file my_file.txt (compact mmCIF, C-alpha atoms and all ligand atoms)
# COMPACT_ATOMS: atom_id res chain seq x y z
CA MET A 30 -6.64 -29.79 270.05
CA PRO A 31 -7.25 -26.48 268.31
CA GLU A 32 -10.64 -27.61 267.02
CA LEU A 33 -12.13 -28.79 270.30
CA LEU A 34 -11.94 -25.52 272.17
CA THR A 35 -14.39 -24.64 274.92
CA SER A 36 -16.85 -21.89 273.99
CA GLU A 37 -14.77 -19.38 276.03
CA LEU A 38 -11.60 -20.27 274.13
CA ALA A 39 -13.42 -20.19 270.80
CA ARG A 40 -14.68 -16.71 271.69
CA LEU A 41 -11.16 -15.62 272.63
CA ARG A 42 -9.89 -16.91 269.26
CA ASP A 43 -12.67 -15.09 267.39
CA ASP A 44 -12.05 -11.86 269.31
CA VAL A 45 -8.37 -12.02 268.39
CA MET A 46 -9.29 -12.65 264.75
CA HIS A 47 -11.48 -9.52 264.79
CA LEU A 48 -8.76 -7.50 266.49
CA GLY A 49 -6.39 -8.55 263.72
CA SER A 50 -8.69 -7.97 260.77
CA ASP A 51 -10.53 -4.85 262.03
CA VAL A 52 -7.75 -3.01 263.89
CA LEU A 53 -4.21 -4.35 263.50
CA LEU A 54 -4.03 -5.08 259.78
CA PRO A 55 -5.65 -1.75 258.74
CA MET A 56 -3.35 0.06 261.18
CA LEU A 57 -0.23 -1.57 259.67
CA ALA A 58 -1.42 -0.54 256.22
CA ASP A 59 -1.90 3.09 257.33
CA SER A 60 1.35 4.84 256.38
CA SER A 61 0.30 8.07 258.14
CA LEU A 62 0.97 6.47 261.55
CA ASP A 63 4.49 6.46 262.99
CA ALA A 64 5.92 3.71 265.20
CA SER A 65 4.90 5.31 268.50
CA ASP A 66 1.32 6.01 267.29
CA ARG A 67 1.09 2.37 266.27
CA HIS A 68 2.46 1.13 269.55
CA ARG A 69 -0.02 3.24 271.52
CA ALA A 70 -2.90 2.01 269.38
CA ILE A 71 -1.83 -1.64 269.74
CA VAL A 72 -1.58 -1.35 273.54
CA ALA A 73 -4.97 0.38 273.76
CA SER A 74 -6.79 -2.18 271.62
CA SER A 75 -5.07 -5.08 273.36
CA LYS A 76 -6.01 -3.73 276.79
CA ASN A 77 -9.56 -3.26 275.58
CA LEU A 78 -9.75 -6.96 274.74
CA GLY A 79 -7.98 -8.11 277.90
CA LEU A 80 -4.94 -9.51 276.07
CA PHE A 81 -2.41 -7.10 277.54
CA GLY A 82 -2.65 -8.53 281.07
CA MET A 83 -2.55 -12.19 280.03
CA THR A 84 1.19 -12.46 280.64
CA GLN A 85 1.00 -10.54 283.94
CA PRO A 86 0.28 -11.88 287.45
CA LYS A 87 -3.16 -11.27 288.99
CA GLU A 88 -1.54 -9.61 291.99
CA PHE A 89 -0.44 -6.80 289.68
CA GLY A 90 -3.73 -6.45 287.81
CA GLY A 91 -3.06 -9.06 285.12
CA SER A 92 -5.03 -12.22 284.41
CA SER A 93 -2.23 -14.86 284.58
CA ALA A 94 -3.66 -16.61 281.55
CA SER A 95 -3.33 -20.36 281.15
CA LEU A 96 -0.86 -21.85 278.67
CA LEU A 97 -3.77 -22.92 276.47
CA GLU A 98 -5.26 -19.43 276.40
CA LEU A 99 -1.88 -17.96 275.50
CA THR A 100 -1.41 -20.62 272.84
CA VAL A 101 -4.78 -19.81 271.28
CA VAL A 102 -3.93 -16.10 271.15
CA ARG A 103 -0.42 -16.60 269.77
CA ASP A 104 -1.54 -19.18 267.21
CA THR A 105 -4.36 -16.88 266.05
CA LEU A 106 -2.12 -13.80 265.81
CA GLY A 107 0.49 -15.86 263.95
CA SER A 108 -2.14 -17.06 261.47
CA MET A 109 -2.50 -13.38 260.46
CA ASN A 110 1.26 -12.75 260.56
CA LEU A 111 0.77 -10.39 263.51
CA SER A 112 2.48 -12.28 266.34
CA HIS A 113 5.62 -10.12 266.23
CA LEU A 114 3.88 -6.84 267.06
CA PRO A 115 5.17 -5.39 270.34
CA GLY A 116 2.52 -4.12 272.74
CA ILE A 117 -0.08 -6.87 272.40
CA PHE A 118 1.10 -8.54 275.59
CA GLY A 119 2.15 -6.46 278.57
CA PRO A 120 5.60 -6.94 280.04
CA GLY A 121 5.76 -10.20 281.99
CA PRO A 122 7.67 -10.86 285.22
CA GLY A 123 10.23 -13.19 283.60
CA VAL A 124 12.69 -14.47 286.19
CA LEU A 125 11.36 -11.92 288.68
CA VAL A 126 8.24 -13.99 289.20
CA GLY A 127 7.49 -14.25 292.93
CA VAL A 128 10.42 -12.08 294.13
CA GLU A 129 10.23 -10.47 297.57
CA GLU A 130 11.26 -6.99 298.72
CA PRO A 131 13.21 -4.93 297.79
CA LEU A 132 13.14 -6.34 294.24
CA LYS A 133 9.36 -6.50 294.24
CA SER A 134 8.77 -2.76 294.73
CA ASN A 135 11.91 -1.48 293.05
CA TYR A 136 11.83 -3.62 289.91
CA LEU A 137 8.97 -6.12 289.48
CA GLY A 138 6.18 -3.57 290.06
CA PRO A 139 7.76 -0.92 287.79
CA VAL A 140 8.38 -3.53 285.06
CA LEU A 141 4.76 -4.67 285.07
CA ALA A 142 3.61 -1.04 285.04
CA GLY A 143 5.80 -0.38 281.99
CA GLU A 144 8.02 2.06 283.92
CA LYS A 145 11.22 -0.02 283.85
CA ARG A 146 12.64 -2.44 281.34
CA GLY A 147 14.70 -5.53 282.09
CA ALA A 148 16.89 -7.67 279.84
CA PHE A 149 18.27 -11.18 280.15
CA GLY A 150 22.01 -11.88 280.35
CA PHE A 151 22.81 -15.55 279.84
CA THR A 152 25.00 -16.08 276.76
CA GLU A 153 28.76 -15.74 277.16
CA PRO A 154 31.11 -14.93 274.28
CA ASP A 155 33.08 -17.84 272.80
CA ALA A 156 36.37 -16.21 273.79
CA ALA A 157 35.44 -15.59 277.45
CA GLU A 158 38.30 -16.58 279.77
CA ARG A 159 35.82 -17.01 282.56
CA ALA A 160 32.01 -16.96 282.68
CA THR A 161 30.52 -14.03 284.62
CA TRP A 162 31.31 -14.53 288.31
CA ALA A 163 31.08 -12.78 291.68
CA THR A 164 32.48 -12.88 295.17
CA LEU A 165 30.07 -12.46 298.09
CA GLU A 166 31.26 -10.58 301.17
CA ASN A 167 29.56 -8.43 303.83
CA GLY A 168 26.21 -8.49 302.05
CA GLU A 169 27.63 -7.37 298.71
CA LEU A 170 28.45 -9.08 295.45
CA ARG A 171 31.39 -7.94 293.38
CA VAL A 172 30.57 -8.97 289.79
CA ASN A 173 33.00 -9.32 286.89
CA GLY A 174 32.55 -10.75 283.44
CA GLN A 175 30.53 -10.18 280.30
CA LYS A 176 27.35 -11.16 278.45
CA SER A 177 27.56 -11.11 274.69
CA TYR A 178 23.96 -11.15 273.40
CA VAL A 179 21.56 -9.17 275.59
CA THR A 180 18.39 -8.33 273.67
CA GLY A 181 17.30 -4.77 274.41
CA GLY A 182 20.36 -4.42 276.68
CA ALA A 183 21.22 -0.92 275.54
CA ASP A 184 17.85 0.49 276.72
CA ALA A 185 17.42 -1.73 279.76
CA ASP A 186 17.22 -0.39 283.31
CA PHE A 187 18.59 -3.68 284.61
CA ILE A 188 19.94 -7.03 283.44
CA ASN A 189 18.87 -10.29 285.03
CA THR A 190 22.24 -11.95 284.79
CA LEU A 191 23.39 -15.51 285.30
CA VAL A 192 26.38 -15.21 287.65
CA GLU A 193 28.60 -17.91 289.18
CA ILE A 194 28.99 -16.89 292.85
CA GLU A 195 32.22 -18.29 294.22
CA GLY A 196 31.51 -20.92 296.85
CA HIS A 197 27.73 -20.75 296.33
CA GLY A 198 27.02 -21.74 292.74
CA PRO A 199 25.13 -20.09 289.88
CA ALA A 200 22.48 -17.47 290.64
CA MET A 201 20.34 -15.04 288.73
CA VAL A 202 21.38 -11.56 289.87
CA LEU A 203 19.57 -8.34 289.05
CA ILE A 204 22.21 -5.81 288.00
CA ASP A 205 20.99 -2.23 287.61
CA THR A 206 22.59 -0.69 284.54
CA SER A 207 23.14 2.53 286.51
CA PHE A 208 25.60 0.74 288.85
CA ASP A 209 29.25 1.73 288.48
CA GLY A 210 31.21 -0.69 286.33
CA VAL A 211 28.41 -1.73 283.95
CA LEU A 212 29.69 -1.04 280.46
CA ILE A 213 27.87 -1.42 277.17
CA LYS A 214 30.81 -2.49 275.06
CA ASN A 215 28.90 -2.50 271.78
CA THR A 216 25.46 -2.80 270.29
CA PHE A 217 24.35 -4.67 267.20
CA GLY A 218 21.25 -5.70 265.29
CA SER A 219 20.29 -9.16 264.08
CA VAL A 220 18.68 -10.36 260.88
CA ASP A 221 15.15 -10.25 262.38
CA GLY A 222 15.41 -6.52 263.11
CA THR A 223 15.92 -6.80 266.89
CA HIS A 224 18.71 -5.05 268.81
CA HIS A 225 21.21 -6.39 271.30
CA ALA A 226 24.14 -5.35 273.44
CA TYR A 227 27.47 -6.82 274.53
CA ILE A 228 27.77 -5.86 278.19
CA GLU A 229 30.81 -5.98 280.49
CA PHE A 230 30.86 -5.95 284.29
CA HIS A 231 33.93 -4.45 285.96
CA ASP A 232 33.92 -4.87 289.75
CA VAL A 233 30.22 -4.01 289.88
CA ILE A 234 29.03 -3.85 293.51
CA VAL A 235 25.54 -5.31 293.80
CA PRO A 236 23.60 -5.70 297.06
CA GLU A 237 23.11 -9.34 298.10
CA THR A 238 19.35 -8.63 298.10
CA HIS A 239 19.56 -8.49 294.29
CA ILE A 240 20.09 -12.24 294.12
CA ILE A 241 16.86 -13.58 292.64
CA GLY A 242 15.87 -16.53 294.82
CA LYS A 243 18.82 -18.23 296.49
CA PRO A 244 22.42 -18.71 295.33
CA GLY A 245 22.63 -22.07 293.59
CA GLU A 246 19.15 -21.63 292.06
CA GLY A 247 20.49 -19.68 289.10
CA MET A 248 20.26 -22.35 286.45
CA PRO A 249 16.72 -23.64 287.21
CA ARG A 250 15.42 -20.05 287.37
CA ALA A 251 17.08 -19.10 284.12
CA LEU A 252 15.80 -22.25 282.46
CA GLY A 253 12.29 -21.72 283.88
CA GLN A 254 12.15 -18.32 282.20
CA ILE A 255 13.49 -19.77 278.97
CA GLY A 256 10.95 -22.64 279.20
CA ASN A 257 7.94 -20.28 279.07
CA THR A 258 9.43 -18.43 276.14
CA ARG A 259 10.05 -21.70 274.31
CA LEU A 260 6.37 -22.62 274.29
CA ALA A 261 5.57 -19.07 273.17
CA PHE A 262 8.02 -19.42 270.25
CA ALA A 263 6.41 -22.72 269.32
CA ALA A 264 2.87 -21.29 269.41
CA ASP A 265 3.93 -18.28 267.29
CA SER A 266 5.56 -20.70 264.84
CA VAL A 267 2.46 -22.83 264.34
CA GLY A 268 0.34 -19.72 263.71
CA LEU A 269 2.88 -18.41 261.22
CA SER A 270 2.99 -21.81 259.50
CA ARG A 271 -0.73 -21.46 258.87
CA TRP A 272 -0.25 -17.95 257.50
CA VAL A 273 2.47 -19.09 255.07
CA ILE A 274 0.42 -22.06 253.89
CA ASP A 275 -2.61 -19.83 253.23
CA PHE A 276 -0.42 -17.37 251.35
CA VAL A 277 1.22 -20.07 249.23
CA GLU A 278 -2.07 -21.84 248.61
CA LYS A 279 -3.53 -18.69 247.00
CA HIS A 280 -0.45 -18.34 244.83
CA LEU A 281 -0.59 -21.97 243.72
CA ALA A 282 -4.27 -21.74 242.83
CA ALA A 283 -3.85 -18.51 240.80
CA PRO A 284 -3.23 -18.47 237.02
CA HIS A 285 0.42 -19.14 236.09
CA ARG A 286 2.24 -18.18 232.90
CA SER A 287 2.64 -21.89 232.05
CA GLY A 288 -1.10 -21.94 231.32
CA GLN A 289 -2.02 -24.04 234.33
CA PRO A 290 -2.04 -23.10 238.01
CA LEU A 291 1.00 -24.47 239.81
CA SER A 292 -1.33 -26.43 242.09
CA SER A 293 -2.02 -28.78 239.20
CA ARG A 294 1.63 -29.97 239.17
CA GLU A 295 2.33 -33.16 241.02
CA GLY A 296 5.78 -32.06 242.19
CA VAL A 297 4.31 -28.85 243.63
CA ARG A 298 1.59 -30.81 245.39
CA MET A 299 4.17 -33.06 247.05
CA ARG A 300 6.00 -30.08 248.50
CA TYR A 301 2.75 -28.40 249.53
CA ALA A 302 1.61 -31.60 251.28
CA ASP A 303 4.87 -31.69 253.25
CA MET A 304 4.23 -28.13 254.43
CA ARG A 305 0.80 -29.15 255.70
CA ILE A 306 2.12 -32.31 257.40
CA LYS A 307 4.71 -30.32 259.34
CA ALA A 308 2.22 -27.63 260.32
CA PHE A 309 -0.34 -30.21 261.45
CA ALA A 310 2.20 -32.09 263.59
CA ALA A 311 3.57 -28.88 265.14
CA ARG A 312 0.13 -27.47 265.92
CA SER A 313 -1.02 -30.75 267.46
CA MET A 314 1.97 -31.02 269.77
CA VAL A 315 1.86 -27.42 270.94
CA TYR A 316 -1.81 -27.62 271.96
CA ARG A 317 -1.27 -30.97 273.68
CA THR A 318 1.70 -29.61 275.60
CA ALA A 319 -0.18 -26.49 276.69
CA ARG A 320 -3.00 -28.68 278.03
CA LEU A 321 -0.55 -30.90 279.89
CA GLY A 322 1.16 -27.87 281.42
CA ASP A 323 -2.17 -26.40 282.54
CA ALA A 324 -2.98 -29.74 284.16
CA GLY A 325 0.13 -29.34 286.31
CA GLU A 326 2.30 -31.90 284.48
CA ASN A 327 6.04 -31.41 284.10
CA ILE A 328 6.44 -30.30 280.46
CA VAL A 329 10.12 -29.41 280.34
CA ASN A 330 10.92 -32.09 277.76
CA GLU A 331 7.68 -31.55 275.83
CA GLY A 332 8.34 -27.80 275.73
CA ILE A 333 11.79 -28.51 274.29
CA ALA A 334 10.28 -30.88 271.71
CA CYS A 335 7.72 -28.23 270.72
CA LYS A 336 10.32 -25.47 270.42
CA VAL A 337 12.70 -27.56 268.30
CA PHE A 338 10.03 -29.07 266.06
CA ALA A 339 7.81 -26.01 265.56
CA THR A 340 10.68 -23.57 264.89
CA GLU A 341 12.35 -25.99 262.47
CA ALA A 342 8.95 -26.59 260.84
CA ILE A 343 8.29 -22.88 260.25
CA GLY A 344 11.85 -22.53 258.94
CA ASP A 345 11.21 -25.29 256.37
CA ILE A 346 7.71 -24.03 255.56
CA VAL A 347 8.85 -20.47 254.83
CA ASP A 348 11.79 -21.77 252.83
CA TRP A 349 9.59 -24.04 250.70
CA GLY A 350 6.97 -21.30 250.46
CA ILE A 351 9.55 -18.96 248.94
CA GLN A 352 10.65 -21.68 246.53
CA LEU A 353 7.08 -22.29 245.33
CA VAL A 354 6.21 -18.59 245.02
CA GLY A 355 9.45 -17.91 243.16
CA GLY A 356 11.86 -15.01 242.93
CA ILE A 357 9.29 -12.35 243.73
CA ALA A 358 9.13 -13.73 247.28
CA LEU A 359 12.75 -12.63 247.78
CA ARG A 360 12.16 -9.03 246.77
CA SER A 361 12.97 -6.74 249.69
CA GLY A 362 9.78 -5.98 251.58
CA HIS A 363 7.92 -9.09 250.40
CA PRO A 364 6.15 -10.65 253.41
CA LEU A 365 7.84 -14.03 252.87
CA GLU A 366 11.29 -12.42 252.66
CA ALA A 367 10.65 -10.58 255.91
CA LEU A 368 9.33 -13.69 257.61
CA TYR A 369 12.29 -15.76 256.39
CA ARG A 370 14.62 -13.42 258.30
CA ARG A 371 12.40 -13.33 261.36
CA VAL A 372 11.97 -17.07 261.78
CA ARG A 373 15.64 -17.86 261.24
CA VAL A 374 16.55 -16.60 264.70
CA LEU A 375 14.05 -18.90 266.40
CA ARG A 376 16.32 -21.94 266.05
CA LEU A 377 19.07 -20.23 268.06
CA ALA A 378 17.40 -17.80 270.46
CA GLU A 379 16.25 -19.44 273.72
CA GLY A 380 18.42 -22.47 273.01
CA ALA A 381 20.08 -23.77 269.85
CA SER A 382 18.11 -26.71 268.39
CA ASP A 383 20.91 -29.27 268.78
CA VAL A 384 21.69 -28.21 272.35
CA LEU A 385 17.98 -28.62 273.16
CA ARG A 386 18.05 -32.10 271.61
CA LEU A 387 20.84 -32.99 274.05
CA ASN A 388 18.82 -31.57 276.96
CA LEU A 389 15.82 -33.62 275.92
CA ALA A 390 17.86 -36.83 275.80
CA ARG A 391 19.35 -35.99 279.20
CA GLY A 392 15.84 -35.45 280.57
CA ARG A 393 15.03 -39.00 279.60
CA PHE A 394 18.26 -40.88 280.36
CA GLU A 395 19.24 -39.08 283.55
CA LEU A 396 16.02 -37.67 284.97
CA ASP A 397 13.42 -40.14 283.66
CA LYS A 398 11.26 -37.30 282.36
CA GLY A 399 9.30 -36.87 279.14
CA ARG A 400 6.54 -38.69 277.29
CA LEU A 401 5.65 -39.60 273.73
C1 LIG B 501 17.77 -12.90 268.06
C2 LIG B 501 18.53 -13.45 269.24
C3 LIG B 501 18.26 -12.95 270.51
C4 LIG B 501 19.00 -13.42 271.61
N1 LIG B 501 18.75 -12.86 272.84
C5 LIG B 501 19.48 -13.25 273.90
C6 LIG B 501 19.28 -12.65 275.20
O1 LIG B 501 18.44 -11.76 275.38
N2 LIG B 501 20.06 -13.05 276.24
C7 LIG B 501 21.01 -14.03 276.07
O2 LIG B 501 21.66 -14.35 277.05
N3 LIG B 501 21.22 -14.62 274.86
C8 LIG B 501 20.50 -14.25 273.78
N4 LIG B 501 20.73 -14.81 272.53
C9 LIG B 501 21.81 -15.76 272.37
C10 LIG B 501 21.32 -17.19 272.22
O3 LIG B 501 20.79 -17.62 273.46
C11 LIG B 501 22.52 -18.03 271.77
O4 LIG B 501 22.85 -17.62 270.45
C12 LIG B 501 22.21 -19.51 271.78
O5 LIG B 501 22.00 -19.96 273.10
C13 LIG B 501 23.40 -20.30 271.20
O6 LIG B 501 24.58 -19.95 271.87
P1 LIG B 501 25.83 -19.42 271.03
O7 LIG B 501 25.38 -18.40 270.07
O8 LIG B 501 26.89 -19.10 272.01
O9 LIG B 501 26.28 -20.65 270.14
P2 LIG B 501 27.09 -22.01 270.61
O10 LIG B 501 26.68 -22.33 272.00
O11 LIG B 501 28.52 -21.71 270.34
O12 LIG B 501 26.50 -23.01 269.62
C14 LIG B 501 26.68 -22.92 268.22
C15 LIG B 501 26.30 -24.27 267.61
O13 LIG B 501 27.21 -25.26 268.06
C16 LIG B 501 26.53 -26.49 268.24
N5 LIG B 501 26.67 -26.88 269.65
C17 LIG B 501 26.94 -26.08 270.70
N6 LIG B 501 27.04 -26.78 271.84
C18 LIG B 501 26.85 -28.07 271.50
C19 LIG B 501 26.86 -29.29 272.22
N7 LIG B 501 27.05 -29.33 273.55
N8 LIG B 501 26.62 -30.44 271.54
C20 LIG B 501 26.37 -30.41 270.21
N9 LIG B 501 26.35 -29.29 269.47
C21 LIG B 501 26.59 -28.13 270.10
C22 LIG B 501 25.07 -26.25 267.87
O14 LIG B 501 24.88 -26.61 266.53
C23 LIG B 501 24.92 -24.76 268.03
O15 LIG B 501 23.89 -24.24 267.20
C24 LIG B 501 19.99 -14.41 271.44
C25 LIG B 501 20.23 -14.92 270.14
C26 LIG B 501 19.52 -14.46 269.06
C27 LIG B 501 19.80 -15.04 267.70
call {"tool": "encode", "arguments": {"input": "my_file.txt", "output": "structure tokens"}}
result
Amino acid sequence: MPELLTSELARLRDDVMHLGSDVLLPMLADSSLDASDRHRAIVASSKNLGLFGMTQPKEFGGSSASLLELTVVRDTLGSMNLSHLPGIFGPGPGVLVGVEEPLKSNYLGPVLAGEKRGAFGFTEPDAAERATWATLENGELRVNGQKSYVTGGADADFINTLVEIEGHGPAMVLIDTSFDGVLIKNTFGSVDGTHHAYIEFHDVIVPETHIIGKPGEGMPRALGQIGNTRLAFAADSVGLSRWVIDFVEKHLAAPHRSGQPLSSREGVRMRYADMRIKAFAARSMVYRTARLGDAGENIVNEGIACKVFATEAIGDIVDWGIQLVGGIALRSGHPLEALYRRVRVLRLAEGASDVLRLNLARGRFELDKGRL
């Protein structure tokens, strides 16, 4: 529960609050800083507080923070509408967690040191004749296919790619973007302001040592990576829900041209109460799930439940918030307008809500997993 934190966690929460109010918010308001100045300042202040290494393994100088610690930080940053700032957390290992040589020295170490950037290739285009595949012969993979939605793909040094290896099954394969036959077919932006690439692979020769784990382990590895991100999305969403509710609350309590604050209207109160109910439920489940995960429980189904519920909740909360604040909330540059665009992607990225619902039901019916 967010209110029964140990004194260490309460201190962490308070430190993050101070970072937000004393450093990050004033910095965002300072128009004399450009994007790279801001990024440098965010990284420096995050390192100073020990946040930067929380997503990085101890072996590489990080602190491998617990799920609960990460949840506290994300929830707190979200409550100040700061959870989207790049540079607060250092680059994490993603699917490269625990890899051996040569991937460890050539890719994992440089990624964690900020010297190389990886991207994640999972989604196939609707019109694909065949999902990305490879043959394996004489220690080499020959990869063909395409990935249609690779975030940061245009600037990435490598793509961790889900590949079907003929005769062996699916595997995550690290494909260096400098290899012959890797083609960025096009790049595009999405409504939240992030950038992506459509990438093709034409007879790309990849050493067998670039298979992450063993052939046949591709799907669990890919889903493990997605699982961590899902809880992160959920924790960001509950923090942002709190930020929206605070924002709307102030608006509702302020004078209104009708002569009475909107908070005095019964219909407005009903909608406002619904926003609080959703935020309370989402926040409760995310903290409970983080504690279960830290206790070593299997939280695959609970992580799915959190991601679906919390991202749908923030979607509804922002939408209702805009409705209650009125047309001004849709003016370009208004914080609710910007947030509306940002949170919309959360119901598709890292698993579409309805597909996750199916996974959750499968977890119960076929694998006997999950709790209430
Ligand atoms: C901002 C953003 C960043 C992304 N970054 C990446 C990335 O870095 N790497 C990557 O690989 N992908 C990335 N994606 C892609 C994302 O993972 C996919 O959009 C998502 O998995 C849904 O797949 P799709 O778009 O192919 O839609 P589809 O799979 O075609 O699904 C569309 C809709 O159809 C319905 N549907 C689909 N299948 C079923 C089913 N079996 N049963 C019932 N209903 C179903 C659902 O309503 C679903 O929302 C990103 C997407 C966004 C928006």
call {"tool": "closest_atom_pairs", "arguments": {"input": "my_file.txt", "of": "chain A", "to": "ligand LIG 501 (chain B)", "cutoff": "7 Å", "atoms": "all atoms listed in the file", "output": "Markdown table"}}
result
| residue | atom | partner | partner_atom | distance |
| --- | --- | --- | --- | --- |
| A:Ala148 | CA | B:LIG501 | O1 | 6.2 |
| A:Phe149 | CA | B:LIG501 | N2 | 4.7 |
| A:Gly150 | CA | B:LIG501 | O2 | 4.1 |
| A:Phe151 | CA | B:LIG501 | O2 | 3.2 |
| A:Thr152 | CA | B:LIG501 | O2 | 3.8 |
| A:Glu153 | CA | B:LIG501 | O8 | 6.4 |
| A:Pro154 | CA | B:LIG501 | O8 | 6.4 |
| A:Asp155 | CA | B:LIG501 | O8 | 6.4 |
| A:Lys176 | CA | B:LIG501 | O2 | 6.7 |
| A:Tyr178 | CA | B:LIG501 | N3 | 4.7 |
| A:Val179 | CA | B:LIG501 | O1 | 4.1 |
| A:Thr180 | CA | B:LIG501 | O1 | 3.8 |
| A:Ser219 | CA | B:LIG501 | C1 | 6.0 |
| A:Asp221 | CA | B:LIG501 | C1 | 6.8 |
| A:Thr223 | CA | B:LIG501 | C1 | 6.5 |
| A:Val374 | CA | B:LIG501 | C27 | 4.7 |
| A:Leu377 | CA | B:LIG501 | C12 | 4.9 |
| A:Ala378 | CA | B:LIG501 | C25 | 4.1 |
| A:Glu379 | CA | B:LIG501 | O3 | 4.9 |
| A:Gly380 | CA | B:LIG501 | O5 | 4.4 |
| A:Ala381 | CA | B:LIG501 | O15 | 4.7 |
| A:Ser382 | CA | B:LIG501 | O15 | 6.4 |
| A:Asp383 | CA | B:LIG501 | C22 | 5.2 |
| A:Val384 | CA | B:LIG501 | C18 | 5.2 |
| A:Leu387 | CA | B:LIG501 | N8 | 6.8 |
call {"tool": "atom_distance", "arguments": {"input": "my_file.txt", "atom1": "atom CA of Pro244 of chain A", "atom2": "atom CA of Asp397 of chain A"}}
result
26.0 Å
call {"tool": "closest_residue", "arguments": {"input": "my_file.txt", "among": "A:Glu169, A:Leu291, A:Arg386, A:Leu96", "to": "Ile328 of chain A", "atoms": "only C-alpha atoms"}}
result
A:Leu96
call {"tool": "closest_residue", "arguments": {"input": "my_file.txt", "among": "A:Glu246, A:Asp323, A:Asp184, A:Glu144", "to": "Thr216 of chain A", "atoms": "all atoms listed in the file"}}
result
A:Asp184
call {"tool": "residues_near_point", "arguments": {"input": "my_file.txt", "point": "(11.8, -19.2, 251.1)", "cutoff": "9 Å", "atoms": "only C-alpha atoms", "output": "PyMOL selection string"}}
result
chain A and resi 344-355+358-359+365-366+368-369
call {"tool": "residues_around", "arguments": {"input": "my_file.txt", "residues": "Ala308 of chain A", "least_positions_apart": "2", "cutoff": "10 Å", "atoms": "all atoms listed in the file", "output": "PyMOL selection string"}}
result
chain A and resi 266-271+274+302-306+310-313+338-339+342-343+346
call {"tool": "atom_distance", "arguments": {"input": "my_file.txt", "atom1": "atom CA of His47 of chain A", "atom2": "atom CA of Ala282 of chain A"}}
result
26.1 Å
call {"tool": "atom_distance", "arguments": {"input": "my_file.txt", "atom1": "atom CA of Asp186 of chain A", "atom2": "atom CA of Arg146 of chain A"}}
result
5.4 Å
call {"tool": "residues_around", "arguments": {"input": "my_file.txt", "residues": "Gly196 of chain A", "least_positions_apart": "6", "cutoff": "10 Å", "atoms": "only C-alpha atoms", "output": "number ranges by chain"}}
result
A: 163-165, 244-245
call {"tool": "decode", "arguments": {"input": "my_file.txt", "residues": "segment 201-213 of chain A", "atoms": "N, CA and C atoms", "output": "PDB file, in the first residue's frame"}}
result
ATOM      1  N   MET A 201      15.180 -14.658 -29.525  1.00  0.00           N
ATOM      2  CA  MET A 201      15.557 -13.250 -29.605  1.00  0.00           C
ATOM      3  C   MET A 201      16.973 -13.213 -30.160  1.00  0.00           C
ATOM      4  N   VAL A 202      17.163 -12.429 -31.213  1.00  0.00           N
ATOM      5  CA  VAL A 202      18.475 -12.355 -31.871  1.00  0.00           C
ATOM      6  C   VAL A 202      18.915 -10.897 -31.902  1.00  0.00           C
ATOM      7  N   LEU A 203      20.158 -10.662 -31.498  1.00  0.00           N
ATOM      8  CA  LEU A 203      20.671  -9.288 -31.534  1.00  0.00           C
ATOM      9  C   LEU A 203      21.236  -9.027 -32.932  1.00  0.00           C
ATOM     10  N   ILE A 204      20.607  -8.112 -33.646  1.00  0.00           N
ATOM     11  CA  ILE A 204      21.051  -7.789 -35.010  1.00  0.00           C
ATOM     12  C   ILE A 204      21.644  -6.386 -34.997  1.00  0.00           C
ATOM     13  N   ASP A 205      22.948  -6.313 -35.280  1.00  0.00           N
ATOM     14  CA  ASP A 205      23.626  -5.014 -35.316  1.00  0.00           C
ATOM     15  C   ASP A 205      23.130  -4.271 -36.558  1.00  0.00           C
ATOM     16  N   THR A 206      22.791  -3.005 -36.396  1.00  0.00           N
ATOM     17  CA  THR A 206      22.250  -2.274 -37.551  1.00  0.00           C
ATOM     18  C   THR A 206      23.330  -1.966 -38.591  1.00  0.00           C
ATOM     19  N   SER A 207      24.613  -2.224 -38.231  1.00  0.00           N
ATOM     20  CA  SER A 207      25.669  -2.011 -39.228  1.00  0.00           C
ATOM     21  C   SER A 207      25.842  -3.237 -40.130  1.00  0.00           C
ATOM     22  N   PHE A 208      25.166  -4.347 -39.824  1.00  0.00           N
ATOM     23  CA  PHE A 208      25.307  -5.551 -40.661  1.00  0.00           C
ATOM     24  C   PHE A 208      24.698  -5.305 -42.043  1.00  0.00           C
ATOM     25  N   ASP A 209      25.333  -5.893 -43.064  1.00  0.00           N
ATOM     26  CA  ASP A 209      24.792  -5.768 -44.422  1.00  0.00           C
ATOM     27  C   ASP A 209      23.385  -6.358 -44.462  1.00  0.00           C
ATOM     28  N   GLY A 210      22.494  -5.658 -45.175  1.00  0.00           N
ATOM     29  CA  GLY A 210      21.149  -6.186 -45.373  1.00  0.00           C
ATOM     30  C   GLY A 210      20.122  -5.657 -44.382  1.00  0.00           C
ATOM     31  N   VAL A 211      20.568  -4.820 -43.410  1.00  0.00           N
ATOM     32  CA  VAL A 211      19.591  -4.185 -42.509  1.00  0.00           C
ATOM     33  C   VAL A 211      19.184  -2.856 -43.144  1.00  0.00           C
ATOM     34  N   LEU A 212      17.894  -2.720 -43.399  1.00  0.00           N
ATOM     35  CA  LEU A 212      17.426  -1.542 -44.135  1.00  0.00           C
ATOM     36  C   LEU A 212      16.326  -0.836 -43.347  1.00  0.00           C
ATOM     37  N   ILE A 213      16.552   0.450 -43.092  1.00  0.00           N
ATOM     38  CA  ILE A 213      15.465   1.229 -42.483  1.00  0.00           C
ATOM     39  C   ILE A 213      14.563   1.677 -43.625  1.00  0.00           C
TER      40      ILE A 213
END
